[in-house]
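Source file: target-v8.cif; contents: mmCIF, C-alpha atoms.
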data_work
loop_
_atom_site.label_atom_id
_atom_site.label_comp_id
_atom_site.auth_asym_id
_atom_site.auth_seq_id
_atom_site.Cartn_x
_atom_site.Cartn_y
_atom_site.Cartn_z
CA MET H 1 103.69 65.21 109.06
CA THR H 2 100.91 64.25 106.64
CA THR H 3 101.74 61.65 104.00
CA THR H 4 99.86 61.92 100.72
CA LEU H 5 99.09 58.60 99.05
CA SER H 6 99.84 58.22 95.37
CA LYS H 7 96.87 57.49 93.13
CA THR H 8 98.04 53.88 92.93
CA GLY H 9 98.31 53.68 96.72
CA GLU H 10 94.83 55.12 97.13
CA LEU H 11 93.34 52.59 94.71
CA LEU H 12 95.27 49.67 96.23
CA ALA H 13 93.84 50.58 99.63
CA LEU H 14 90.37 50.64 98.08
CA ARG H 15 90.98 47.25 96.51
CA GLN H 16 92.04 45.86 99.89
CA SER H 17 89.00 47.19 101.73
CA GLU H 18 86.28 46.66 99.12
CA VAL H 19 87.19 43.53 97.09
CA PRO H 20 87.53 39.99 98.53
CA ARG H 21 90.97 38.43 98.81
CA GLY H 22 89.90 35.44 96.70
CA ILE H 23 90.53 37.42 93.54
CA SER H 24 94.25 37.33 92.81
CA ASN H 25 96.13 40.21 91.19
CA ALA H 26 99.28 39.49 89.22
CA HIS H 27 100.61 43.03 89.60
CA PRO H 28 100.02 46.03 91.94
CA VAL H 29 99.37 48.15 88.84
CA MET H 30 96.31 50.32 88.16
CA ALA H 31 95.71 50.67 84.43
CA ALA H 32 94.62 54.05 83.06
CA ARG H 33 94.79 53.37 79.32
CA ALA H 34 96.18 50.86 76.83
CA LEU H 35 96.98 50.67 73.14
CA GLY H 36 98.51 47.93 71.01
CA SER H 37 100.96 46.01 73.18
CA LYS H 38 101.32 48.63 75.92
CA ILE H 39 99.57 49.71 79.12
CA TRP H 40 99.95 53.01 81.00
CA ASP H 41 99.11 53.14 84.70
CA VAL H 42 97.45 55.93 86.68
CA GLU H 43 100.88 57.42 87.43
CA GLY H 44 101.64 57.62 83.70
CA ARG H 45 104.16 54.79 83.70
CA GLU H 46 104.44 52.72 80.52
CA TYR H 47 104.53 48.91 80.48
CA HIS H 48 105.11 46.38 77.74
CA ASP H 49 102.23 43.94 78.06
CA TRP H 50 103.14 40.25 77.67
CA VAL H 51 99.93 39.08 79.38
CA GLY H 52 97.32 40.52 77.03
CA GLY H 53 94.46 40.28 79.50
CA ILE H 54 95.39 36.56 79.90
CA GLY H 55 95.24 35.79 76.21
CA VAL H 56 92.30 38.05 75.35
CA LEU H 57 94.16 40.59 73.23
CA ASN H 58 95.80 38.74 70.36
CA VAL H 59 94.93 41.71 68.09
CA GLY H 60 96.12 44.19 70.73
CA HIS H 61 94.55 46.71 73.07
CA ASN H 62 91.94 48.98 71.49
CA HIS H 63 92.49 47.89 67.90
CA PRO H 64 90.93 50.65 65.76
CA ALA H 65 88.88 48.18 63.70
CA VAL H 66 87.41 46.59 66.82
CA ILE H 67 86.64 49.95 68.44
CA GLU H 68 84.97 51.21 65.27
CA ALA H 69 82.80 48.10 64.97
CA VAL H 70 81.69 48.30 68.60
CA LYS H 71 80.88 52.03 68.35
CA LYS H 72 78.83 51.43 65.20
CA GLN H 73 76.83 48.67 66.90
CA LEU H 74 76.42 50.74 70.07
CA ASP H 75 74.67 53.42 68.02
CA GLN H 76 72.08 50.78 67.02
CA PHE H 77 71.51 48.83 70.26
CA CYS H 78 73.65 47.16 72.91
CA HIS H 79 71.35 44.38 74.09
CA THR H 80 68.08 42.62 73.32
CA SER H 81 68.99 39.03 74.29
CA PHE H 82 69.24 36.75 71.28
CA GLN H 83 66.60 34.52 72.85
CA VAL H 84 64.07 37.37 72.64
CA THR H 85 64.85 39.13 69.37
CA MET H 86 67.60 37.90 67.09
CA TYR H 87 70.15 40.14 65.37
CA GLU H 88 72.42 39.94 62.36
CA PRO H 89 75.89 40.17 64.03
CA TYR H 90 75.22 36.92 65.94
CA LEU H 91 74.17 35.12 62.75
CA ARG H 92 76.99 36.47 60.58
CA LEU H 93 79.63 35.63 63.18
CA ALA H 94 78.24 32.10 63.56
CA GLN H 95 78.29 31.69 59.78
CA ARG H 96 81.95 32.72 59.55
CA LEU H 97 83.10 30.57 62.48
CA ASN H 98 81.23 27.59 61.05
CA ALA H 99 83.19 28.05 57.85
CA ARG H 100 86.44 27.97 59.89
CA PHE H 101 85.48 24.86 61.88
CA PRO H 102 88.39 22.37 61.59
CA GLY H 103 86.11 19.33 62.00
CA GLU H 104 84.03 17.23 59.63
CA GLY H 105 80.90 18.28 57.78
CA PRO H 106 78.58 21.25 58.28
CA ALA H 107 78.91 23.07 61.59
CA LYS H 108 76.78 25.19 63.90
CA THR H 109 77.78 27.69 66.62
CA ILE H 110 76.32 28.92 69.90
CA PHE H 111 77.65 32.07 71.56
CA LEU H 112 78.09 32.65 75.28
CA SER H 113 80.02 35.12 77.44
CA THR H 114 82.87 33.31 79.23
CA GLY H 115 85.24 30.42 78.65
CA ALA H 116 83.74 28.48 81.54
CA GLU H 117 80.32 28.77 79.93
CA ALA H 118 81.78 27.38 76.71
CA THR H 119 83.24 24.28 78.37
CA GLU H 120 80.06 23.71 80.40
CA ASN H 121 77.88 23.92 77.29
CA ALA H 122 80.21 21.61 75.37
CA VAL H 123 79.68 19.04 78.13
CA LYS H 124 75.91 19.54 77.98
CA ILE H 125 75.86 19.13 74.22
CA ALA H 126 78.08 16.03 74.32
CA ARG H 127 75.90 14.38 76.95
CA ALA H 128 72.73 15.23 75.02
CA TYR H 129 74.11 13.79 71.78
CA THR H 130 75.60 10.57 73.19
CA GLY H 131 73.19 9.89 76.05
CA ARG H 132 76.26 9.15 78.18
CA PRO H 133 77.31 10.85 81.43
CA ALA H 134 81.11 10.60 81.77
CA ILE H 135 83.70 13.16 80.64
CA ILE H 136 87.46 12.64 80.56
CA SER H 137 89.82 15.56 81.06
CA PHE H 138 93.58 15.66 81.69
CA THR H 139 96.09 16.44 84.40
CA HIS H 140 97.56 19.99 84.36
CA SER H 141 94.51 21.23 82.42
CA PHE H 142 92.33 24.28 83.05
CA HIS H 143 88.70 24.55 81.93
CA GLY H 144 87.17 27.29 84.11
CA ARG H 145 86.19 28.33 87.62
CA THR H 146 82.56 27.20 87.77
CA LEU H 147 81.65 23.96 89.51
CA MET H 148 81.94 21.95 86.28
CA GLY H 149 84.99 23.94 85.17
CA MET H 150 86.82 23.28 88.44
CA THR H 151 85.93 19.60 88.24
CA LEU H 152 87.28 19.32 84.70
CA THR H 153 90.44 21.24 85.63
CA GLY H 154 93.45 19.07 86.35
CA LYS H 155 95.23 21.63 88.54
CA LYS H 156 93.34 21.34 91.80
CA ALA H 157 95.25 22.93 94.68
CA TYR H 158 95.04 26.51 93.42
CA TYR H 159 91.56 26.48 91.90
CA ALA H 160 89.46 23.85 93.69
CA GLN H 161 90.45 24.68 97.30
CA ASN H 162 87.52 23.62 99.54
CA PHE H 163 84.77 24.44 97.05
CA GLY H 164 83.46 20.88 96.68
CA PRO H 165 81.70 18.55 96.42
CA PHE H 166 82.33 18.59 92.70
CA ALA H 167 80.46 17.44 89.62
CA PRO H 168 80.16 13.66 89.25
CA ASP H 169 81.36 11.45 86.39
CA ILE H 170 84.46 13.51 85.59
CA TYR H 171 87.74 11.61 85.22
CA HIS H 172 91.35 12.68 84.63
CA ALA H 173 93.96 10.95 82.50
CA PRO H 174 97.67 11.85 82.39
CA ILE H 175 98.85 14.41 79.82
CA PRO H 176 102.20 13.93 78.05
CA TYR H 177 104.87 16.09 79.68
CA GLU H 178 108.15 15.01 78.12
CA TYR H 179 110.27 17.47 80.09
CA HIS H 180 109.16 15.81 83.33
CA GLY H 181 109.27 12.25 82.09
CA VAL H 182 105.71 11.57 80.93
CA SER H 183 105.90 10.34 77.35
CA THR H 184 103.09 9.96 74.85
CA GLU H 185 103.24 6.20 75.33
CA MET H 186 102.97 6.52 79.11
CA ALA H 187 100.06 8.95 78.88
CA LEU H 188 98.17 6.70 76.45
CA ALA H 189 98.78 3.74 78.75
CA GLY H 190 97.30 5.78 81.59
CA LEU H 191 94.22 6.64 79.52
CA ASP H 192 93.73 3.00 78.52
CA GLU H 193 94.09 1.93 82.14
CA LEU H 194 91.46 4.51 83.15
CA LEU H 195 89.05 3.09 80.56
CA ARG H 196 89.70 -0.46 81.78
CA THR H 197 89.57 0.08 85.52
CA THR H 198 87.65 3.25 86.38
CA VAL H 199 85.13 4.24 83.71
CA ASP H 200 84.04 2.01 80.86
CA ALA H 201 84.34 3.60 77.42
CA SER H 202 80.65 2.91 76.77
CA ARG H 203 79.81 5.48 79.50
CA VAL H 204 82.09 8.25 78.18
CA ALA H 205 80.39 11.07 76.29
CA ALA H 206 83.51 13.10 75.48
CA ILE H 207 87.20 13.70 75.99
CA ILE H 208 88.10 17.39 76.41
CA ILE H 209 91.64 18.61 75.81
CA GLU H 210 93.53 21.87 75.27
CA PRO H 211 95.71 21.56 72.12
CA VAL H 212 98.23 23.67 74.05
CA LEU H 213 97.69 23.69 77.80
CA GLY H 214 97.29 27.24 79.13
CA GLU H 215 97.38 27.43 82.92
CA GLY H 216 99.15 24.07 82.86
CA GLY H 217 102.31 25.65 81.49
CA PHE H 218 101.95 25.99 77.70
CA LEU H 219 102.43 22.31 76.96
CA PRO H 220 101.71 21.55 73.29
CA VAL H 221 99.93 18.21 73.01
CA PRO H 222 102.17 15.90 70.93
CA VAL H 223 100.68 15.16 67.52
CA PRO H 224 100.93 11.35 67.97
CA PHE H 225 99.00 11.64 71.24
CA PHE H 226 96.31 13.79 69.61
CA ARG H 227 95.92 11.31 66.77
CA ALA H 228 95.73 8.40 69.19
CA LEU H 229 92.97 10.21 71.09
CA ARG H 230 91.01 10.65 67.86
CA GLN H 231 91.44 6.95 67.12
CA ARG H 232 90.16 5.92 70.55
CA CYS H 233 87.23 8.34 70.28
CA ASP H 234 86.27 6.87 66.91
CA GLN H 235 86.62 3.33 68.24
CA HIS H 236 84.31 3.95 71.21
CA ALA H 237 81.92 6.56 69.72
CA ILE H 238 83.28 9.22 72.09
CA LEU H 239 83.24 12.91 71.11
CA LEU H 240 86.51 14.85 71.05
CA ILE H 241 86.31 18.43 72.38
CA ALA H 242 89.13 20.88 71.62
CA ASP H 243 89.32 23.62 74.26
CA GLU H 244 90.81 26.51 72.25
CA ILE H 245 89.95 29.20 74.79
CA GLN H 246 93.56 30.31 75.35
CA ALA H 247 95.34 28.70 72.39
CA GLY H 248 92.94 29.78 69.64
CA VAL H 249 92.36 32.82 67.41
CA GLY H 250 95.80 32.93 65.85
CA ARG H 251 97.93 32.60 68.97
CA THR H 252 99.86 29.54 67.71
CA GLY H 253 100.26 30.66 64.08
CA THR H 254 97.18 28.83 62.84
CA PHE H 255 93.72 30.17 63.57
CA TRP H 256 92.92 27.15 65.76
CA ALA H 257 95.78 25.35 67.52
CA VAL H 258 94.28 21.94 66.75
CA GLU H 259 95.08 22.57 63.08
CA HIS H 260 98.75 21.82 63.80
CA SER H 261 97.85 18.19 64.44
CA GLY H 262 95.48 17.60 61.53
CA VAL H 263 93.06 16.04 64.04
CA LYS H 264 89.40 16.91 63.51
CA PRO H 265 87.47 17.66 66.72
CA ASP H 266 83.72 17.12 67.09
CA LEU H 267 83.28 20.24 69.24
CA LEU H 268 85.49 23.29 69.72
CA CYS H 269 85.32 25.75 72.63
CA PHE H 270 86.51 29.32 72.11
CA ALA H 271 86.58 32.59 74.07
CA LYS H 272 89.21 35.19 75.05
CA SER H 273 90.67 36.75 71.87
CA ILE H 274 87.64 36.12 69.66
CA GLY H 275 86.02 39.24 71.16
CA GLY H 276 89.03 41.55 70.80
CA GLY H 277 88.68 42.58 74.45
CA LEU H 278 84.91 42.13 74.87
CA PRO H 279 83.40 39.14 76.71
CA LEU H 280 82.49 36.57 74.06
CA SER H 281 82.75 32.79 73.98
CA GLY H 282 81.06 29.88 72.34
CA VAL H 283 81.03 26.35 71.01
CA THR H 284 81.29 25.36 67.36
CA GLY H 285 80.73 21.77 66.36
CA ARG H 286 79.33 19.24 63.95
CA ALA H 287 75.78 20.34 63.16
CA GLU H 288 74.15 17.05 64.13
CA VAL H 289 75.93 17.13 67.50
CA MET H 290 75.12 20.78 68.15
CA ASP H 291 71.44 20.14 67.40
CA ALA H 292 71.16 17.41 70.06
CA PRO H 293 69.80 19.59 72.91
CA GLN H 294 66.11 20.38 72.66
CA THR H 295 64.87 23.96 72.20
CA GLY H 296 65.45 25.92 75.40
CA GLY H 297 68.32 23.72 76.57
CA LEU H 298 71.00 26.22 75.55
CA GLY H 299 71.32 29.98 75.97
CA GLY H 300 71.99 32.79 78.42
CA THR H 301 70.72 36.31 78.91
CA TYR H 302 73.92 38.04 77.77
CA ALA H 303 75.12 35.21 75.52
CA GLY H 304 76.32 36.50 72.18
CA ASN H 305 75.89 40.16 73.13
CA PRO H 306 75.61 42.27 69.95
CA LEU H 307 78.55 44.52 70.88
CA ALA H 308 80.77 41.48 71.40
CA CYS H 309 79.57 39.86 68.17
CA ALA H 310 80.38 43.07 66.27
CA ALA H 311 83.86 42.97 67.82
CA GLY H 312 84.19 39.30 66.85
CA LEU H 313 83.39 40.08 63.22
CA ALA H 314 86.07 42.79 63.24
CA VAL H 315 88.58 40.32 64.70
CA LEU H 316 87.82 37.81 61.93
CA ASP H 317 88.26 40.57 59.34
CA LEU H 318 91.76 41.19 60.69
CA PHE H 319 92.68 37.54 60.09
CA ARG H 320 91.12 37.38 56.63
CA ASP H 321 94.28 37.83 54.51
CA GLY H 322 96.55 35.55 56.56
CA GLN H 323 99.07 38.24 57.40
CA LEU H 324 98.24 38.24 61.09
CA LEU H 325 98.82 34.48 61.27
CA ALA H 326 102.18 34.98 59.60
CA ARG H 327 102.90 37.71 62.14
CA SER H 328 102.08 35.31 64.97
CA ARG H 329 104.61 32.83 63.62
CA ARG H 330 107.22 35.58 63.25
CA VAL H 331 106.68 36.83 66.82
CA GLY H 332 107.02 33.25 68.03
CA GLU H 333 110.28 32.79 66.12
CA GLN H 334 111.78 35.92 67.66
CA LEU H 335 110.72 34.87 71.15
CA ARG H 336 112.02 31.34 70.75
CA GLN H 337 115.36 32.53 69.35
CA ALA H 338 115.84 34.93 72.24
CA LEU H 339 114.83 32.42 74.91
CA ASN H 340 116.96 29.64 73.41
CA ALA H 341 119.96 31.98 73.46
CA LEU H 342 119.21 32.94 77.05
CA GLN H 343 118.91 29.26 77.96
CA GLN H 344 122.53 28.72 76.94
CA GLU H 345 123.55 31.45 79.36
CA VAL H 346 121.21 30.50 82.24
CA PRO H 347 121.06 26.76 83.01
CA GLY H 348 118.09 27.31 85.33
CA LEU H 349 116.00 28.18 82.29
CA GLY H 350 115.18 24.54 81.88
CA ASP H 351 112.71 24.39 79.00
CA VAL H 352 111.53 26.67 76.20
CA ARG H 353 108.37 25.46 74.48
CA GLY H 354 105.19 26.38 72.68
CA LEU H 355 103.64 26.89 69.26
CA GLY H 356 103.67 30.15 67.29
CA ALA H 357 103.50 33.11 69.65
CA MET H 358 102.29 30.93 72.54
CA ILE H 359 105.73 30.54 74.14
CA ALA H 360 106.77 29.75 77.71
CA ALA H 361 109.93 29.33 79.76
CA GLU H 362 110.11 26.84 82.64
CA PHE H 363 112.60 27.49 85.43
CA VAL H 364 114.25 24.76 87.47
CA LYS H 365 116.59 24.62 90.44
CA ASP H 366 118.85 22.08 88.77
CA PRO H 367 118.85 21.18 85.06
CA ALA H 368 119.72 17.60 85.99
CA THR H 369 116.87 16.98 88.45
CA ARG H 370 114.47 19.47 86.78
CA GLU H 371 113.01 20.37 90.15
CA PRO H 372 110.60 23.31 89.62
CA ASP H 373 111.84 26.72 90.78
CA PRO H 374 108.80 28.95 91.44
CA ALA H 375 110.82 31.39 93.55
CA THR H 376 113.02 32.37 90.62
CA ALA H 377 110.03 32.66 88.29
CA LYS H 378 108.31 34.95 90.80
CA ARG H 379 111.42 37.10 91.17
CA ILE H 380 111.76 37.44 87.39
CA ILE H 381 108.16 38.66 87.17
CA GLU H 382 108.82 41.25 89.89
CA LEU H 383 112.07 42.50 88.35
CA ALA H 384 110.55 42.72 84.90
CA ARG H 385 107.65 44.80 86.22
CA GLU H 386 110.06 47.19 87.91
CA ASN H 387 111.61 47.78 84.50
CA GLY H 388 108.38 48.13 82.54
CA LEU H 389 107.36 44.62 81.44
CA LEU H 390 104.26 42.79 82.67
CA LEU H 391 104.54 38.99 82.86
CA MET H 392 102.43 36.18 84.29
CA GLY H 393 103.24 32.73 85.62
CA ALA H 394 101.73 29.34 84.85
CA GLY H 395 102.32 25.65 85.45
CA MET H 396 101.45 23.30 88.26
CA TYR H 397 104.11 24.78 90.54
CA GLY H 398 104.20 28.38 89.28
CA SER H 399 107.65 27.79 87.79
CA VAL H 400 106.64 28.66 84.22
CA ILE H 401 106.49 32.16 82.72
CA ARG H 402 104.14 32.39 79.74
CA VAL H 403 104.14 34.93 76.93
CA LEU H 404 100.81 36.20 75.61
CA VAL H 405 102.01 39.40 73.98
CA PRO H 406 99.58 40.78 71.36
CA ILE H 407 100.65 39.41 68.00
CA THR H 408 100.28 42.92 66.58
CA VAL H 409 103.33 44.00 68.61
CA THR H 410 105.99 45.86 66.60
CA ASP H 411 109.45 44.35 66.22
CA GLU H 412 110.91 47.35 68.04
CA ASP H 413 108.63 46.92 71.07
CA LEU H 414 109.10 43.15 71.07
CA GLN H 415 112.88 43.44 71.12
CA ALA H 416 112.75 46.09 73.85
CA ALA H 417 110.62 43.80 76.01
CA ILE H 418 112.86 40.82 75.28
CA ALA H 419 115.82 42.85 76.57
CA ILE H 420 113.93 43.63 79.80
CA PHE H 421 112.95 39.98 80.25
CA SER H 422 116.48 38.73 79.60
CA GLN H 423 118.00 41.11 82.11
CA ALA H 424 115.36 40.18 84.70
CA VAL H 425 116.29 36.51 84.26
CA ARG H 426 119.99 37.25 84.72
CA ASP H 427 119.36 39.42 87.78
CA ALA H 428 116.97 36.92 89.38
CA VAL H 429 119.37 34.02 88.93
CA GLY H 430 122.14 36.18 90.35
CA THR H 431 120.13 36.94 93.49
CA GLN H 432 119.45 33.23 94.01
CA GLN H 433 123.10 32.22 93.93
#
This structure in structure tokens:
Amino acid sequence: MTTTLSKTGELLALRQSEVPRGISNAHPVMAARALGSKIWDVEGREYHDWVGGIGVLNVGHNHPAVIEAVKKQLDQFCHTSFQVTMYEPYLRLAQRLNARFPGEGPAKTIFLSTGAEATENAVKIARAYTGRPAIISFTHSFHGRTLMGMTLTGKKAYYAQNFGPFAPDIYHAPIPYEYHGVSTEMALAGLDELLRTTVDASRVAAIIIEPVLGEGGFLPVPVPFFRALRQRCDQHAILLIADEIQAGVGRTGTFWAVEHSGVKPDLLCFAKSIGGGLPLSGVTGRAEVMDAPQTGGLGGTYAGNPLACAAGLAVLDLFRDGQLLARSRRVGEQLRQALNALQQEVPGLGDVRGLGAMIAAEFVKDPATREPDPATAKRIIELARENGLLLMGAGMYGSVIRVLVPITVTDEDLQAAIAIFSQAVRDAVGTQQ
């Protein structure tokens, strides 16, 4: 008897034979089309999307304004390389992001293609400006998959593997994680100890931090910790870099997540949702800092591609009147209310946290010991997919489920997905008992 493979089965076999195993896949789903907050696979099945291309689609899949802007630019040209012939979309987008810079004084912006390129260039710029070599990052952090990105990342087992040796003069300080017993005071003591015993402050060019940790489990940096970092940076002439690659572009209810703290960064890295689905990243910072590298020291062949810049301008237009930021806060409120209610029913849902629509749930084996429970988190993701909801894990142990639903999601679709998630949690906990 001959068995006919489904289209999904055929493509999964192709993936297995033609693509290396090093690339992970969160779901055995083959996308055929997407719109708003939904994806349809090659079999025609509909999914609520709470992953959003890993934080790339804050304005949703195929937003009409983004598509229109890209098509209009495509009719003109799709590439020249900004380093060869310049073009207006790059300049206009830089101008508008400079105006949104949450730091001091006039700003300048460079565009790149990926988040890892943004963090790498922020390090280059900081070293050029200060003349110092050392960079301090934090535990649980994620800053990219390149050599420098992996070195900066404070979540080694999954990402670093045996890819070393790694970049020199990179140091890690503890991040506050109140749920697991690391207070702001303890984390600051750890940073001060690092500066006393391991790397002198006079050698540190910059401290890089995510205002809300992404891969690390959606940990919002406490405001007192952020302010203390700014104070130490000012004291020692160290630059403060805000990595907004996952937390930025409206995800937390402010355009940049650092705005919640009132702290002013010297440099800000962005990517993901700024391009509305197209590859676009960059660094915005104080003009005098950004001008430190000599001509030719920054750039990239595809950096600031005109199609992506056109998309970026459309994304900024969508945020112009403030309604989308208000929507982000409203989506976050609905998620938090639902998860807090579920937490009362399911003790293993140990912690609900986040800012705006950047919300996560951490699962534990025992609320008293708070031992991470990655098995339950994994089972929830599987059950939710079976019922039409795509989720993705996070956290050092894979025990956190993060929500990156497009903030353009309708209330009806959000509530439908919340119902699927809630039932998956109940069913997963039931199978573990």
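Applied to the file shown here, the PyMOL selection byres ((chain H and resi 294-297) around 12) selects Gln83, Val84, Ile110, Asn121, Lys124, Ile125, Ala128, Tyr129, Val289, Met290, Asp291, Ala292, Pro293, Leu298, Gly299 and Gly300 of chain H.
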Can you tell me which residues surround H:Val223 at a distance of at most 10 Å, considering all atoms listed in the file, apart from same-chain residues fewer than 6 positions away, and format the answer as a PyMOL selection string? chain H and resi 184+211+229+258+260-263
Just to confirm, what's the straight-line distance from atom CA of H:Cys233 to atom CA of H:Pro220 in Å (one decimal)? 19.8 Å
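One finds atom CA of H:Ala242 at 19.7 Å from atom CA of H:Leu404.
Matched in the shown structure by the PyMOL selection byres ((chain H and resi 341-354) around 7): Phe218, Leu219, Pro220, Gln337, Ala338, Leu339, Asn340, Leu355, Gly356, Met358, Ile359, Ala360, Ala361, Glu362, Phe363, Val364, Lys365, Asp366, Pro367 and Ser422 of chain H.
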Take the residues from that selection and put them in a file with C-alpha atoms, as an mmCIF file, in the frame of the given file.
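Output file selection.cif follows:
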data_model
loop_
_atom_site.group_PDB
_atom_site.id
_atom_site.type_symbol
_atom_site.label_atom_id
_atom_site.label_comp_id
_atom_site.auth_asym_id
_atom_site.auth_seq_id
_atom_site.Cartn_x
_atom_site.Cartn_y
_atom_site.Cartn_z
ATOM 1 C CA PHE H 218 101.950 25.990 77.700
ATOM 2 C CA LEU H 219 102.430 22.310 76.960
ATOM 3 C CA PRO H 220 101.710 21.550 73.290
ATOM 4 C CA GLN H 337 115.360 32.530 69.350
ATOM 5 C CA ALA H 338 115.840 34.930 72.240
ATOM 6 C CA LEU H 339 114.830 32.420 74.910
ATOM 7 C CA ASN H 340 116.960 29.640 73.410
ATOM 8 C CA LEU H 355 103.640 26.890 69.260
ATOM 9 C CA GLY H 356 103.670 30.150 67.290
ATOM 10 C CA MET H 358 102.290 30.930 72.540
ATOM 11 C CA ILE H 359 105.730 30.540 74.140
ATOM 12 C CA ALA H 360 106.770 29.750 77.710
ATOM 13 C CA ALA H 361 109.930 29.330 79.760
ATOM 14 C CA GLU H 362 110.110 26.840 82.640
ATOM 15 C CA PHE H 363 112.600 27.490 85.430
ATOM 16 C CA VAL H 364 114.250 24.760 87.470
ATOM 17 C CA LYS H 365 116.590 24.620 90.440
ATOM 18 C CA ASP H 366 118.850 22.080 88.770
ATOM 19 C CA PRO H 367 118.850 21.180 85.060
ATOM 20 C CA SER H 422 116.480 38.730 79.600
#
Care to translate the PyMOL selection byres ((chain H and resi 33) around 12) into actual residues of this file, as a count of residues only? 20
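Residue nearest H:Tyr177 within the list H:Ala271, H:Met396, H:Leu11, H:Ala160: H:Met396 [criterion: smallest interatomic distance, only C-alpha atoms].
Taking atom CA of H:Ala206 and atom CA of H:Ser281 as the two end points, the separation is 19.8 Å.
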